[in-house]
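Raw contents of run39.cif, mmCIF, C-alpha atoms:
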data_work
loop_
_atom_site.label_atom_id
_atom_site.label_comp_id
_atom_site.auth_asym_id
_atom_site.auth_seq_id
_atom_site.Cartn_x
_atom_site.Cartn_y
_atom_site.Cartn_z
CA MET K 274 24.94 33.66 44.25
CA ALA K 275 26.63 35.23 41.22
CA ASP K 276 25.57 32.21 39.15
CA GLU K 277 21.89 32.33 40.23
CA PRO K 278 19.85 32.78 37.01
CA ARG K 279 18.32 36.20 36.64
CA TRP K 280 14.78 35.10 35.77
CA LEU K 281 12.58 37.48 33.81
CA ASN K 282 10.09 39.54 35.79
CA GLU K 283 6.42 39.56 34.78
CA CYS K 284 6.67 42.50 32.34
CA GLU K 285 9.84 41.14 30.74
CA ARG K 286 8.31 37.67 30.42
CA GLU K 287 5.13 39.00 28.81
CA ALA K 288 7.13 41.08 26.33
CA TRP K 289 9.43 38.20 25.46
CA LEU K 290 6.60 35.67 25.01
CA ALA K 291 4.71 38.12 22.80
CA LEU K 292 7.82 38.71 20.68
CA ALA K 293 8.39 34.96 20.40
CA LYS K 294 4.82 34.45 19.17
CA LEU K 295 5.40 37.19 16.62
CA MET K 296 8.59 35.45 15.45
CA PHE K 297 6.75 32.12 15.16
CA ASN K 298 3.92 33.61 13.09
CA LEU K 299 4.68 36.84 11.23
CA PRO K 300 7.30 35.43 8.83
CA SER K 301 5.00 32.64 7.66
CA ALA K 302 2.08 35.06 7.18
CA LEU K 303 4.23 37.35 5.03
CA ASP K 304 5.69 34.35 3.20
CA ALA K 305 2.16 33.11 2.49
CA GLN K 306 1.08 36.42 0.91
CA LEU K 307 4.19 36.65 -1.28
CA LEU K 308 4.15 32.95 -2.25
CA CYS K 309 0.49 33.16 -3.21
CA ASP K 310 0.90 36.33 -5.27
CA CYS K 311 4.32 35.84 -6.89
CA GLN K 312 6.04 32.64 -5.71
CA LEU K 313 8.54 34.50 -3.53
CA THR K 314 9.38 34.04 0.14
CA LEU K 315 9.93 37.09 2.35
CA PHE K 316 13.67 36.41 2.20
CA ASP K 317 13.56 36.16 -1.64
CA TYR K 318 11.72 39.46 -1.74
CA PHE K 319 14.35 41.16 0.42
CA VAL K 320 17.13 39.91 -1.89
CA LEU K 321 15.42 41.20 -5.04
CA SER K 322 14.29 44.42 -3.37
CA LYS K 323 17.79 45.32 -2.07
CA LEU K 324 19.24 44.77 -5.54
CA SER K 325 16.47 46.83 -7.15
CA MET K 326 17.34 49.80 -4.93
CA THR K 327 21.08 49.71 -5.77
CA PRO K 328 22.67 51.66 -8.66
CA GLY K 329 23.34 49.15 -11.44
CA ARG K 330 21.04 46.69 -9.57
CA THR K 331 24.24 44.90 -8.51
CA LEU K 332 25.83 44.05 -5.14
CA ARG K 333 28.56 41.79 -3.84
CA LEU K 334 26.96 38.84 -2.05
CA SER K 335 28.79 39.76 1.17
CA GLU K 336 27.37 43.29 1.07
CA LEU K 337 23.91 42.00 0.16
CA ALA K 338 24.06 39.63 3.14
CA ARG K 339 25.02 42.52 5.42
CA ARG K 340 22.17 44.70 4.19
CA ILE K 341 19.58 41.95 4.65
CA GLY K 342 21.08 40.83 7.95
CA SER K 343 21.68 37.28 6.73
CA SER K 344 24.50 34.78 6.87
CA LEU K 345 26.40 34.44 3.60
CA SER K 346 25.63 30.71 3.42
CA ARG K 347 21.86 31.20 3.66
CA LEU K 348 21.99 34.00 1.11
CA SER K 349 24.09 31.92 -1.31
CA ASN K 350 21.49 29.15 -1.36
CA VAL K 351 18.67 31.60 -2.03
CA VAL K 352 20.64 33.44 -4.72
CA LYS K 353 21.30 30.15 -6.55
CA ARG K 354 17.59 29.39 -6.56
CA LEU K 355 16.66 32.88 -7.78
CA GLU K 356 19.31 32.61 -10.52
CA GLN K 357 17.73 29.35 -11.72
CA ARG K 358 14.45 31.24 -12.08
CA GLY K 359 16.18 33.92 -14.18
CA LEU K 360 15.52 36.66 -11.60
CA LEU K 361 19.20 37.53 -11.08
CA TYR K 362 22.62 36.32 -12.24
CA ARG K 363 25.93 35.87 -10.47
CA ALA K 364 29.34 36.92 -11.82
CA PRO K 365 32.83 37.54 -10.38
CA ASP K 366 33.36 41.13 -9.24
CA PRO K 367 35.51 42.75 -11.99
CA GLU K 368 37.29 44.80 -9.30
CA ASN K 369 38.27 41.70 -7.32
CA SER K 370 37.43 38.32 -8.76
CA ARG K 371 37.54 36.64 -5.33
CA TYR K 372 34.14 38.23 -4.71
CA THR K 373 30.88 37.26 -6.39
CA ARG K 374 28.28 39.84 -7.33
CA ALA K 375 24.57 39.39 -7.96
CA THR K 376 22.76 41.49 -10.58
CA LEU K 377 18.99 41.77 -10.90
CA THR K 378 17.68 40.80 -14.36
CA ASP K 379 14.82 42.59 -16.09
CA ALA K 380 12.56 39.67 -15.10
CA GLY K 381 13.67 40.09 -11.46
CA TRP K 382 13.00 43.82 -11.64
CA ASP K 383 9.53 43.26 -13.12
CA LEU K 384 8.69 40.68 -10.45
CA VAL K 385 9.79 42.80 -7.49
CA VAL K 386 7.93 45.84 -8.89
CA ALA K 387 4.80 43.71 -9.26
CA ALA K 388 5.24 42.19 -5.78
CA ALA K 389 5.86 45.41 -3.86
CA PRO K 390 2.30 46.79 -3.48
CA GLY K 391 0.86 43.55 -2.10
CA HIS K 392 3.81 43.02 0.21
CA VAL K 393 3.69 46.57 1.58
CA ALA K 394 -0.07 46.24 2.10
CA ALA K 395 0.57 43.08 4.16
CA VAL K 396 3.29 44.79 6.22
CA ARG K 397 0.90 47.67 6.88
CA ARG K 398 -1.94 45.33 7.73
CA TYR K 399 -0.02 43.06 10.10
CA VAL K 400 2.50 45.47 11.63
CA ILE K 401 2.49 49.19 10.88
CA ASP K 402 -1.10 50.37 10.67
CA GLY K 403 -2.56 50.97 14.12
CA LEU K 404 0.80 51.83 15.71
CA THR K 405 1.55 55.39 16.79
CA GLY K 406 4.60 57.23 15.44
CA GLU K 407 6.16 56.88 18.88
CA GLN K 408 5.59 53.11 18.94
CA ILE K 409 7.14 52.84 15.47
CA ASP K 410 10.24 54.69 16.67
CA VAL K 411 10.51 52.45 19.73
CA LEU K 412 10.07 49.35 17.54
CA ARG K 413 13.00 50.48 15.38
CA ASP K 414 15.16 51.21 18.44
CA ILE K 415 14.41 47.83 20.03
CA ALA K 416 14.98 45.85 16.84
CA CYS K 417 18.27 47.70 16.22
CA HIS K 418 19.30 47.00 19.83
CA VAL K 419 18.66 43.27 19.33
CA MET K 420 20.64 43.24 16.08
CA ARG K 421 23.58 45.05 17.78
CA ARG K 422 23.53 42.43 20.55
CA LEU K 423 23.47 39.58 18.03
CA ASN K 424 26.31 41.14 16.02
CA GLU K 425 28.38 41.68 19.18
CA ALA K 426 27.80 38.08 20.26
CA ALA K 427 28.78 36.79 16.81
CA GLU K 428 31.92 38.90 16.88
CA GLU K 429 32.83 37.74 20.39
CA SER K 430 32.28 34.18 19.29
CA ARG K 431 34.59 34.64 16.28
CA SER K 432 37.31 36.29 18.37
CA GLY K 433 36.98 33.80 21.23
CA VAL K 434 35.89 36.34 23.85
CA SER K 435 33.71 34.76 26.54
CA PRO K 436 30.26 36.39 26.85
CA SER K 437 30.68 36.68 30.62
CA ARG K 438 33.79 38.83 30.18
CA GLY K 439 32.03 41.26 27.93
CA ARG K 440 33.65 43.00 25.02
CA ASP K 441 37.28 43.86 25.70
CA HIS K 442 38.27 44.01 22.06
CA ALA K 443 37.93 46.84 19.58
CA GLY K 444 34.57 46.05 17.98
CA SER K 445 33.99 47.48 14.53
CA ALA K 446 31.03 49.79 14.11
CA ASP K 447 28.42 48.55 11.65
CA MET H 243 -6.39 56.76 -6.63
CA ALA H 244 -7.96 54.55 -3.98
CA ASP H 245 -5.82 51.66 -5.22
CA GLU H 246 -2.51 53.60 -5.10
CA PRO H 247 -0.23 51.66 -2.71
CA ARG H 248 0.35 53.39 0.60
CA TRP H 249 4.14 53.10 0.67
CA LEU H 250 5.90 53.19 4.04
CA ASN H 251 7.40 56.50 5.10
CA GLU H 252 11.04 56.67 6.21
CA CYS H 253 10.38 55.94 9.90
CA GLU H 254 7.98 53.09 9.13
CA ARG H 255 10.43 51.60 6.61
CA GLU H 256 13.34 51.74 9.08
CA ALA H 257 11.26 50.11 11.79
CA TRP H 258 9.98 47.39 9.48
CA LEU H 259 13.43 46.58 8.04
CA ALA H 260 14.91 46.41 11.54
CA LEU H 261 12.12 44.07 12.66
CA ALA H 262 12.64 41.90 9.57
CA LYS H 263 16.36 41.61 10.35
CA LEU H 264 15.46 40.60 13.90
CA MET H 265 13.08 37.93 12.55
CA PHE H 266 15.77 36.61 10.20
CA ASN H 267 18.38 36.35 12.96
CA LEU H 268 17.07 36.11 16.52
CA PRO H 269 15.33 32.71 16.19
CA SER H 270 18.47 31.05 14.83
CA ALA H 271 20.65 32.59 17.55
CA LEU H 272 18.31 31.28 20.27
CA ASP H 273 18.02 27.92 18.48
CA ALA H 274 21.83 27.71 18.37
CA GLN H 275 22.20 28.23 22.13
CA LEU H 276 19.53 25.66 22.99
CA LEU H 277 20.71 23.12 20.40
CA CYS H 278 24.28 23.42 21.64
CA ASP H 279 23.35 23.09 25.32
CA CYS H 280 20.48 20.56 25.22
CA GLN H 281 19.54 19.56 21.65
CA LEU H 282 16.32 21.58 21.69
CA THR H 283 15.09 24.22 19.25
CA LEU H 284 13.39 27.35 20.56
CA PHE H 285 10.05 25.89 19.49
CA ASP H 286 10.80 22.58 21.30
CA TYR H 287 11.69 24.57 24.42
CA PHE H 288 8.38 26.45 24.30
CA VAL H 289 6.45 23.17 24.02
CA LEU H 290 8.19 21.61 27.02
CA SER H 291 8.12 24.83 29.01
CA LYS H 292 4.38 25.40 28.55
CA LEU H 293 3.67 21.83 29.66
CA SER H 294 5.99 22.20 32.67
CA MET H 295 4.00 25.24 33.87
CA THR H 296 0.62 23.48 33.65
CA PRO H 297 -0.98 21.55 36.54
CA GLY H 298 -0.51 17.85 35.78
CA ARG H 299 2.04 18.87 33.13
CA THR H 300 -0.66 18.05 30.56
CA LEU H 301 -2.44 20.03 27.85
CA ARG H 302 -4.62 19.33 24.84
CA LEU H 303 -2.58 19.87 21.69
CA SER H 304 -5.07 22.51 20.48
CA GLU H 305 -4.66 24.48 23.72
CA LEU H 306 -0.88 24.03 23.66
CA ALA H 307 -0.84 25.38 20.07
CA ARG H 308 -2.88 28.38 21.16
CA ARG H 309 -0.57 29.17 24.07
CA ILE H 310 2.55 28.97 21.93
CA GLY H 311 0.92 30.79 19.03
CA SER H 312 1.51 27.93 16.61
CA SER H 313 -0.50 26.10 14.00
CA LEU H 314 -1.71 22.68 15.12
CA SER H 315 0.06 20.96 12.22
CA ARG H 316 3.45 22.44 13.09
CA LEU H 317 2.98 21.58 16.75
CA SER H 318 1.92 18.01 15.95
CA ASN H 319 5.14 17.35 14.06
CA VAL H 320 7.27 18.72 16.89
CA VAL H 321 5.31 16.79 19.53
CA LYS H 322 5.86 13.53 17.63
CA ARG H 323 9.59 14.17 17.57
CA LEU H 324 9.70 15.05 21.28
CA GLU H 325 7.70 11.90 22.06
CA GLN H 326 10.26 9.79 20.20
CA ARG H 327 12.91 11.27 22.49
CA GLY H 328 10.87 10.30 25.56
CA LEU H 329 10.34 13.94 26.63
CA LEU H 330 6.53 13.78 26.50
CA TYR H 331 3.79 11.32 25.57
CA ARG H 332 0.50 11.67 23.75
CA ALA H 333 -2.81 10.12 24.80
CA PRO H 334 -6.51 10.67 24.03
CA ASP H 335 -8.17 13.17 26.36
CA PRO H 336 -10.25 11.03 28.82
CA GLU H 337 -12.90 13.80 28.86
CA ASN H 338 -13.29 13.72 25.07
CA SER H 339 -11.34 11.14 23.10
CA ARG H 340 -11.53 13.21 19.90
CA TYR H 341 -8.82 15.40 21.44
CA THR H 342 -5.20 14.42 22.02
CA ARG H 343 -3.29 15.54 25.08
CA ALA H 344 0.46 15.82 25.60
CA THR H 345 2.01 15.10 29.00
CA LEU H 346 5.55 16.00 30.00
CA THR H 347 7.60 13.00 31.20
CA ASP H 348 10.11 13.16 34.05
CA ALA H 349 12.88 13.22 31.45
CA GLY H 350 11.15 16.16 29.73
CA TRP H 351 10.81 17.97 33.04
CA ASP H 352 14.48 17.43 33.89
CA LEU H 353 15.56 18.67 30.46
CA VAL H 354 13.49 21.85 30.52
CA VAL H 355 14.64 22.62 34.08
CA ALA H 356 18.25 22.16 32.99
CA ALA H 357 17.72 24.22 29.83
CA ALA H 358 15.95 27.19 31.42
CA PRO H 359 18.88 29.14 32.93
CA GLY H 360 20.94 29.15 29.72
CA HIS H 361 17.92 30.03 27.62
CA VAL H 362 16.85 32.89 29.88
CA ALA H 363 20.43 34.20 29.91
CA ALA H 364 20.38 34.24 26.10
CA VAL H 365 17.00 36.04 26.02
CA ARG H 366 18.39 38.62 28.48
CA ARG H 367 21.59 39.00 26.51
CA TYR H 368 20.02 39.38 23.06
CA VAL H 369 16.73 41.12 23.88
CA ILE H 370 15.86 42.26 27.39
CA ASP H 371 18.98 43.63 29.05
CA GLY H 372 19.67 47.18 27.97
CA LEU H 373 15.99 48.01 27.33
CA THR H 374 14.15 50.40 29.64
CA GLY H 375 10.97 49.32 31.42
CA GLU H 376 9.04 51.61 29.09
CA GLN H 377 10.59 50.04 25.99
CA ILE H 378 9.73 46.58 27.33
CA ASP H 379 6.09 47.62 27.79
CA VAL H 380 5.97 49.04 24.25
CA LEU H 381 7.57 45.86 22.88
CA ARG H 382 4.81 43.80 24.49
CA ASP H 383 2.10 46.12 23.16
CA ILE H 384 3.49 46.05 19.62
CA ALA H 385 3.97 42.28 19.54
CA CYS H 386 0.43 41.74 20.91
CA HIS H 387 -0.90 44.17 18.28
CA VAL H 388 0.79 42.15 15.52
CA MET H 389 -0.60 38.87 16.89
CA ARG H 390 -4.11 40.36 17.04
CA ARG H 391 -3.79 41.44 13.43
CA LEU H 392 -2.58 38.00 12.37
CA ASN H 393 -5.39 36.28 14.26
CA GLU H 394 -7.98 38.62 12.76
CA ALA H 395 -6.62 37.97 9.27
CA ALA H 396 -6.66 34.20 9.83
CA GLU H 397 -10.24 34.39 11.08
CA GLU H 398 -11.33 36.54 8.14
CA SER H 399 -9.67 34.09 5.80
CA ARG H 400 -11.54 31.15 7.41
CA SER H 401 -14.88 32.93 7.30
CA GLY H 402 -14.36 34.24 3.75
CA VAL H 403 -14.41 37.93 4.67
CA SER H 404 -12.35 40.05 2.27
CA PRO H 405 -9.58 42.03 4.02
CA SER H 406 -10.66 45.20 2.25
CA ARG H 407 -14.16 44.95 3.73
CA GLY H 408 -12.86 44.72 7.26
CA ARG H 409 -14.42 42.58 9.92
CA ASP H 410 -18.19 42.48 9.72
CA HIS H 411 -18.58 39.23 11.65
CA ALA H 412 -18.60 38.63 15.37
CA GLY H 413 -14.94 37.91 16.08
CA SER H 414 -14.23 35.90 19.20
CA ALA H 415 -11.97 37.46 21.80
CA ASP H 416 -8.73 35.53 22.42
#
Take the structure in the file and give it back as structure tokens.
Amino acid sequence: MADEPRWLNECEREAWLALAKLMFNLPSALDAQLLCDCQLTLFDYFVLSKLSMTPGRTLRLSELARRIGSSLSRLSNVVKRLEQRGLLYRAPDPENSRYTRATLTDAGWDLVVAAAPGHVAAVRRYVIDGLTGEQIDVLRDIACHVMRRLNEAAEESRSGVSPSRGRDHAGSAD
Amino acid sequence: MADEPRWLNECEREAWLALAKLMFNLPSALDAQLLCDCQLTLFDYFVLSKLSMTPGRTLRLSELARRIGSSLSRLSNVVKRLEQRGLLYRAPDPENSRYTRATLTDAGWDLVVAAAPGHVAAVRRYVIDGLTGEQIDVLRDIACHVMRRLNEAAEESRSGVSPSRGRDHAGSAD
């Protein structure tokens, strides 16, 4: 009986199916707005935006990946493409040349500044406007909970801990 | 002043960034589990699962797209691929041959039945377990709110209504 699947109850199933529909549709709607207005995907926008908010407009790729919540390999591909467009450039970190840093160019800055109002209007239109303050807080808590679970699972996978045993190692806080 | 962007406040920004991280990461984590266990993506699983829950295991592609919350073009590509694997087959709807229906095969049924426990365990692990009943209800409400907004925007776009004017046409209820 311990191996019997714990199926979702009706409320859990409704919530999960609604979230799945959101995941199938919201990214492409936000991509479409940004692509139409400034030839950026949502992911591109996050890369440029995170750099624009950093002193010196520069971050190590590993730190940029962490802040976006992306794998380093996916980020590296996007950064190469944005570099070809002259929106940022890569260089070895002078403090430790094993690391690569990305720096926003003036063209990248101008593009993200121009893109921000339309993007924020789309986020308001599709997500934020119409939610109560309480719903917004719960949304943040739930999304952070999911990201903690994903990070724990990735860490367990790296350290070879079986999911069924739970975490018996010293997990690092994010 | 009417055109000044309404930037997100701190709570809204935190919630949105957390949701964006979820959207960047949860689909690939669920894809990875399904691909590893049964060579299905999350989207493939939804297609097979929706058919498996339908009397006759058959649906028009347009209705299947609606239930999954997908565009017809994306669904059509996936359905072709699943047909090549013998998991479903397409045929004209006998009631109206302008429509195409998809029917789950026995092989498709067996695969989705075999896939379900592992998939549900992953959904529990990454999303559902650890949330309160109240949080689950709010998650459903928020995700349904976003889908309504996206559907309204798509309908406005089709009927040529400017977003800034709001909806002045008779929108159909979903």
Q.
Distance limit 7 Å, atoms considered: only C-alpha atoms. Which chain K residues sit that close to chain H? Return them as a ChimeraX atom specification.
A. /K:278,280,284-285,287-288,291-292,294-297,341-343,390,393,399-401,408-413,416-417,419-420,422-423
(Q) the PyMOL selection byres ((chain K and resi 361) around 9) - which residues does that actually catch in the file I just gave you? List them as a ChimeraX atom specification. (A) /K:321,352-353,355-360,362-363,375-382
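Atom CA of Leu277 of chain H sits 27.9 Å away from atom CA of Leu337 of chain K.
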Exercise on segment 353-357 of chain K, axis-aligned box with 5 Å per side, report centre and edge lengths in Å to one decimal, as lines of an AutoDock Vina configuration file:
center_x = 19.0
center_y = 31.1
center_z = -9.1
size_x = 14.6
size_y = 13.5
size_z = 15.2
**Q.** Evaluate the PyMOL selection byres ((chain K and resi 335) around 9) and report residues as a PyMOL selection string
**A.** chain K and resi 332-334+336-340+344-345+348+372-374
Q: Could you check how far atom CA of Ser430 of chain K sits from atom CA of Ala274 of chain H, in Å to one decimal?
A: 12.3 Å
